[in-house]
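Written out below as structure tokens is the structure these notes cover.
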Amino acid sequence: MPRAQAVTQERLEELSPRTRHLLQGAGILGRSFSVQDLAEMLGESTSGLLPMLEEAMSAGIVEPAGDELTFRHDLLWQAVVGTISAPVRRALHHDAGEMLLSRGGSAVPAAAHLIHSAGRGDASALLGLDQAAREVLRSSPQTAADLAIRALELSDSADPDWFGRVGTAVDALTVIGRLSEAADLARTALGRAPPFQAPRLRCALAYILLLSGRPADAVSEAESLLAQQDLPDDLRGIAEWAMFWGLISLNDFRKGRQRAEAVLADREQHTDAAVVGALLLLARFAMVDGRVADSFAHLREALRITDSGTVEAIQRPYTRLMLSLNHRAMRQFDAADISIQAAEEEIKDLGLTVLAAQPALFRSVLKLAAGRLDAAAAEAQSGRTIAEELGTHGFIRVGLSMLALVAMRRGDLDAAVRHIERYQSIHAAPGMLFGSVWERWVMAAVAEAQGDPGRAIDILHIIYTDNEERRWALLTTPLTAAWMTRLALAMANRPYAQAIVDTAEQLARNNPDFPVFATTFAHARGIFHRDPDALASAAVDQPEPWARASAAEDLGVLLAATSGATASAKAVDSLDQALEGYERIGALWDSARVRARLRALGVRRRHWAQPQRPAFGWDSLTDTERAVAGLIARGMTNRQAAERMFLSPHTVSTHLRRMFSKLDIASRAELARIVAEKCPELLKRT
């Protein structure tokens, strides 16, 4: 503020010229500074500075802070620095940077000065920026990107260190999610890179292709690199990891299996990155092969190496994310959530912005499985939004497929179709979250809901007819077994239905330690063989609320087709159980179908759900939105509210934006006022 600036300036003018000059040097070093650094920079002895330091402290300009001195207020510091002309300020920053560089050790403290003072072609300053960028690449990639780009701006392309700077900048830009910039810079440099510089840039480009949803191109780039005999070991490890992960993203496990096994057979000759990549591919292959315990074993070994080895930062979260997929498929929801949270913390701690969409998308599936459709949609929307901002196209598709499934469950087929159409317009390989199997099933489910079971069968043809695809589908999404059996029978295609039941039985027999397969098999067998005992068992044992309701509905349909008053009464009971289950989770499409079945039995049930929500106002808020509103009104931050509700901070932000729009407000204070008026009990909860 002008008045504060004037007062501050008056206080400085009361000091002696020598003290003002001392403070100017101190201001260049930062708000806090070492007396030893100040003495060295000014070419004075520490004892020679004492009179001036005493005057500055007596005037209340600086004060002790541990082993250093600090300006008492930002305004004082800024005022002191503001008295130095721009050319002199740059020169002083240069001197400070050179002083710190000359000591050896970390270049990061010097970089804070060099980034302000380095001139074009300043070799010493550029080398300091290079060193600092490499130092912080793993811990602070945004800072590394700033330093590397600044160094590139100040260097000539003829500089022999230029390609190294490009490599650091590309790596940093990739990690923070600026993929198009990273790709453009890498391709520009590759156009004139000498043979010994090109492999590093090509490794970086393979990563960018993976993250941009182009795994086939990434695999091609990696395989081309691996064909080079003189490729350095560290780059070979990176290329092998990129190849393995590309094949995982393509669900092409057969191609990589032999190579992965060769890497594990000769581990000493391969980097940790290559070994982890091989283990991840073999873990995925074991799942496709129906060997769930082996898959978990590979992932736990990969996690041990990831936590103790030398894998790149950007590779670290993938093991935990894949482990969460296995837990989710086995319906071990708590364990899956723990893995996602650990991966999310790793992504935040390492500054891996490019992977920021993944935890929300993984969590959306858990919320859907738990029957929390609002939370599932919010997480999916949050992940999709982040993926769109970053250009990670494969994950945009994942978010859209999730939103399509939630919309279908809610009975909004128009929205489901719009999400599918948007999904199909994105040119990217299916996301690694579930691969083509999951997304193909979602499209088929929407087609069947539209009244076109024939098209649904066509979409799923490869799953019905290919043993490996069928096993993979039932492993990753066990609830598809009953649904696909029912669909095939509805189209009078018993061979298709038989194939699903046989695969479900095989998985249950080969994986006795994972009870989800026995329940899945009981449900599919009950539909195929019209076995009420199997369906009743599935209705009790299914771990997902929607799947339990589905099994109860199938039992009710079977009993309704059985003659006798007792069977009819039992059919009504089962259908009531299904209706209650669907309505409890907001599956309006399924609820409407069950009501129609009950009406056919002469039973009418009042809608369990509340009347249609209005579009705006307090009554328009969902239960989840009201819970978030209560926590925010009690003064919690988005992160605190997210931790309390087991959501991501991005999802809480999404809920807040929707609430602000529905309530026509623009601040958290207004939200707190509305909560106090409309639902004060939310403020009292512990």
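Chains: A, B, ... in order of the structure tokens. Residues: from 1 per chain. Ligands: from 1, in order shown.
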All residues 12 Å or closer to A:Gly602, only C-alpha atoms, same chain fewer than 6 positions away omitted, as a ChimeraX atom specification: /A:560,568-569,571-572,595-596
Need the shell around A:Gln24: protein/DNA/RNA residues with any atom at most 9 Å away, counting only C-alpha atoms. Skip same-chain ones fewer than 3 positions apart. Format as a PyMOL selection string? chain A and resi 19-21+27-29+77+80-84
For A:Thr654, find every residue with an atom within 12 Å (counting only C-alpha atoms), except residues of its own chain fewer than 3 positions away, and show them as a PyMOL selection string. chain A and resi 360+374-386+624-625+628+638+642+647-651+657-661
Residue contacts of stretch 518-522 of chain A (6 Å, only C-alpha atoms) excluding same-chain residues fewer than 2 positions away, as a ChimeraX atom specification: /A:504-505,508,515-516,524-526,534,538
Selection export as a compact mmCIF listing (two decimals), in the first residue's frame, atoms kept: C-alpha atoms:
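Printed below is selection38.txt as written:
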# COMPACT_ATOMS: atom_id res chain seq x y z
CA ALA A 504 -16.66 -68.50 -14.74
CA GLU A 505 -16.48 -72.08 -13.46
CA ALA A 508 -13.69 -70.30 -9.54
CA PRO A 515 -14.38 -66.19 -3.20
CA VAL A 516 -15.63 -63.57 -5.65
CA ALA A 524 -24.10 -67.07 -14.06
CA ARG A 525 -24.89 -70.77 -13.49
CA GLY A 526 -28.16 -69.89 -11.80
CA ALA A 534 -27.55 -70.76 -6.97
CA ALA A 538 -25.43 -65.15 -5.19
If you count only C-alpha atoms, which residues fall within 12 Å of A:Leu185, apart from same-chain ones fewer than 6 positions away, as a list of chain:residue names?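 Skipping anything fewer than 6 positions along the chain leaves A:Ile149, A:Leu152, A:Trp162, A:Phe163, A:Arg165, A:Val166, A:Gly167, A:Thr168, A:Ala169, A:Val170, A:Asp171, A:Ala172, A:Leu173, A:Thr174, A:Arg178, A:Leu179, A:Gly191, A:Arg192, A:Ala193, A:Leu201, A:Arg202, A:Ala204, A:Leu205, A:Ile208.
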List as a tab-separated table every residue of stretch 300-370 of chain A that is in contact with stretch 259-268 of chain A, defined as an atom at most 12 Å from one of its atoms (using only C-alpha atoms), together with the nearest atom pair and the distance in Å rounded to one decimal, sorted by chain and then rising number.
residue	atom	partner	partner_atom	distance
A:Glu301	CA	A:Leu264	CA	11.5
A:Ala302	CA	A:Leu264	CA	11.4
A:Ile305	CA	A:Arg267	CA	12.0
Hey, what's within 7 Å of stretch 544-546 of chain A if we count only C-alpha atoms and toss same-chain stuff fewer than 2 positions away? As a ChimeraX atom specification, please? /A:369-371,542,548-550,581-582
Output all heavy atoms of each residue in that selection to a file, as a PDB file, in the first residue's frame.
ATOM      1  N   ALA A 369     -18.742 -49.317  -7.303  1.00  0.00           N
ATOM      2  CA  ALA A 369     -18.919 -50.652  -6.730  1.00  0.00           C
ATOM      3  C   ALA A 369     -19.618 -50.590  -5.379  1.00  0.00           C
ATOM      4  O   ALA A 369     -20.395 -51.479  -5.023  1.00  0.00           O
ATOM      5  CB  ALA A 369     -17.569 -51.342  -6.588  1.00  0.00           C
ATOM      6  N   ALA A 370     -19.363 -49.512  -4.625  1.00  0.00           N
ATOM      7  CA  ALA A 370     -19.992 -49.345  -3.316  1.00  0.00           C
ATOM      8  C   ALA A 370     -21.409 -48.797  -3.423  1.00  0.00           C
ATOM      9  O   ALA A 370     -22.074 -48.596  -2.409  1.00  0.00           O
ATOM     10  CB  ALA A 370     -19.144 -48.420  -2.447  1.00  0.00           C
ATOM     11  N   GLY A 371     -21.864 -48.539  -4.647  1.00  0.00           N
ATOM     12  CA  GLY A 371     -23.215 -48.037  -4.837  1.00  0.00           C
ATOM     13  C   GLY A 371     -23.357 -46.543  -4.617  1.00  0.00           C
ATOM     14  O   GLY A 371     -24.470 -46.041  -4.452  1.00  0.00           O
ATOM     15  N   GLN A 542     -22.954 -61.734  -3.063  1.00  0.00           N
ATOM     16  CA  GLN A 542     -22.360 -60.711  -3.929  1.00  0.00           C
ATOM     17  C   GLN A 542     -21.870 -59.533  -3.089  1.00  0.00           C
ATOM     18  O   GLN A 542     -22.625 -58.981  -2.290  1.00  0.00           O
ATOM     19  CB  GLN A 542     -23.391 -60.196  -4.945  1.00  0.00           C
ATOM     20  CG  GLN A 542     -23.616 -61.107  -6.137  1.00  0.00           C
ATOM     21  CD  GLN A 542     -22.474 -61.052  -7.152  1.00  0.00           C
ATOM     22  OE1 GLN A 542     -21.443 -60.440  -6.905  1.00  0.00           O
ATOM     23  NE2 GLN A 542     -22.670 -61.711  -8.273  1.00  0.00           N
ATOM     24  N   ARG A 548     -25.818 -57.579  -5.941  1.00  0.00           N
ATOM     25  CA  ARG A 548     -26.766 -58.289  -5.064  1.00  0.00           C
ATOM     26  C   ARG A 548     -28.194 -58.079  -5.545  1.00  0.00           C
ATOM     27  O   ARG A 548     -28.991 -59.021  -5.593  1.00  0.00           O
ATOM     28  CB  ARG A 548     -26.627 -57.795  -3.618  1.00  0.00           C
ATOM     29  CG  ARG A 548     -25.413 -58.335  -2.894  1.00  0.00           C
ATOM     30  CD  ARG A 548     -25.559 -58.176  -1.388  1.00  0.00           C
ATOM     31  NE  ARG A 548     -25.714 -56.787  -0.974  1.00  0.00           N
ATOM     32  CZ  ARG A 548     -24.713 -55.958  -0.747  1.00  0.00           C
ATOM     33  NH1 ARG A 548     -23.459 -56.373  -0.910  1.00  0.00           N
ATOM     34  NH2 ARG A 548     -24.923 -54.721  -0.354  1.00  0.00           N
ATOM     35  N   ALA A 549     -28.507 -56.843  -5.876  1.00  0.00           N
ATOM     36  CA  ALA A 549     -29.863 -56.553  -6.364  1.00  0.00           C
ATOM     37  C   ALA A 549     -30.118 -57.279  -7.680  1.00  0.00           C
ATOM     38  O   ALA A 549     -31.223 -57.793  -7.916  1.00  0.00           O
ATOM     39  CB  ALA A 549     -30.032 -55.042  -6.534  1.00  0.00           C
ATOM     40  N   SER A 550     -29.106 -57.356  -8.533  1.00  0.00           N
ATOM     41  CA  SER A 550     -29.258 -58.043  -9.819  1.00  0.00           C
ATOM     42  C   SER A 550     -29.537 -59.527  -9.622  1.00  0.00           C
ATOM     43  O   SER A 550     -30.402 -60.112 -10.300  1.00  0.00           O
ATOM     44  CB  SER A 550     -27.985 -57.844 -10.649  1.00  0.00           C
ATOM     45  OG  SER A 550     -28.044 -58.575 -11.852  1.00  0.00           O
ATOM     46  N   GLY A 581     -32.722 -52.692  -3.204  1.00  0.00           N
ATOM     47  CA  GLY A 581     -31.289 -52.555  -3.443  1.00  0.00           C
ATOM     48  C   GLY A 581     -30.976 -51.535  -4.520  1.00  0.00           C
ATOM     49  O   GLY A 581     -30.071 -50.700  -4.369  1.00  0.00           O
ATOM     50  N   TYR A 582     -31.724 -51.584  -5.621  1.00  0.00           N
ATOM     51  CA  TYR A 582     -31.492 -50.627  -6.707  1.00  0.00           C
ATOM     52  C   TYR A 582     -31.805 -49.198  -6.257  1.00  0.00           C
ATOM     53  O   TYR A 582     -31.063 -48.251  -6.547  1.00  0.00           O
ATOM     54  CB  TYR A 582     -32.372 -50.971  -7.913  1.00  0.00           C
ATOM     55  CG  TYR A 582     -31.935 -52.196  -8.698  1.00  0.00           C
ATOM     56  CD1 TYR A 582     -32.887 -53.101  -9.197  1.00  0.00           C
ATOM     57  CD2 TYR A 582     -30.587 -52.448  -8.964  1.00  0.00           C
ATOM     58  CE1 TYR A 582     -32.510 -54.216  -9.933  1.00  0.00           C
ATOM     59  CE2 TYR A 582     -30.204 -53.566  -9.697  1.00  0.00           C
ATOM     60  CZ  TYR A 582     -31.172 -54.445 -10.190  1.00  0.00           C
ATOM     61  OH  TYR A 582     -30.802 -55.548 -10.915  1.00  0.00           O
TER      62      TYR A 582
END
Residues near stretch 484-497 of chain A, anyone? I mean within 7 Å using only C-alpha atoms, not counting same-chain ones fewer than 5 positions away, as a PyMOL selection string. chain A and resi 464+524+527-528
From a DSSP calculation on the backbone, collect every residue of stretch 21-197 of chain A in strand (DSSP E or B) and output the set as a ChimeraX atom specification. /A:32-33,62-65,68-71
Grab the residues selected above and save them as a CSV table (one decimal), in the first residue's frame with N, CA and C atoms.
chain,number,residue,atom,x,y,z
A,32,SER,N,15.8,-13.9,4.3
A,32,SER,CA,16.7,-14.4,5.3
A,32,SER,C,18.1,-14.6,4.7
A,33,PHE,N,19.1,-14.3,5.5
A,33,PHE,CA,20.5,-14.4,4.9
A,33,PHE,C,21.5,-14.8,6.0
A,62,VAL,N,16.1,-5.6,10.5
A,62,VAL,CA,16.4,-7.0,10.5
A,62,VAL,C,16.4,-7.5,12.0
A,63,GLU,N,16.3,-8.8,12.1
A,63,GLU,CA,16.3,-9.5,13.4
A,63,GLU,C,16.8,-10.9,13.3
A,64,PRO,N,17.3,-11.4,14.4
A,64,PRO,CA,17.8,-12.8,14.4
A,64,PRO,C,16.7,-13.8,14.1
A,65,ALA,N,17.1,-14.9,13.3
A,65,ALA,CA,16.2,-16.0,13.0
A,65,ALA,C,17.0,-17.3,13.0
A,68,GLU,N,20.5,-17.4,11.2
A,68,GLU,CA,20.6,-16.3,10.2
A,68,GLU,C,19.9,-15.0,10.7
A,69,LEU,N,20.0,-14.0,9.9
A,69,LEU,CA,19.2,-12.8,10.1
A,69,LEU,C,18.1,-12.7,9.1
A,70,THR,N,17.0,-12.1,9.4
A,70,THR,CA,15.9,-12.0,8.5
A,70,THR,C,15.3,-10.6,8.5
A,71,PHE,N,14.8,-10.1,7.4
A,71,PHE,CA,14.1,-8.8,7.4
A,71,PHE,C,12.8,-9.0,8.2
Between A:Gln506, A:Ile462, A:His655, A:Gln269, smallest distance to A:Arg236 by only C-alpha atoms belongs to A:Gln269
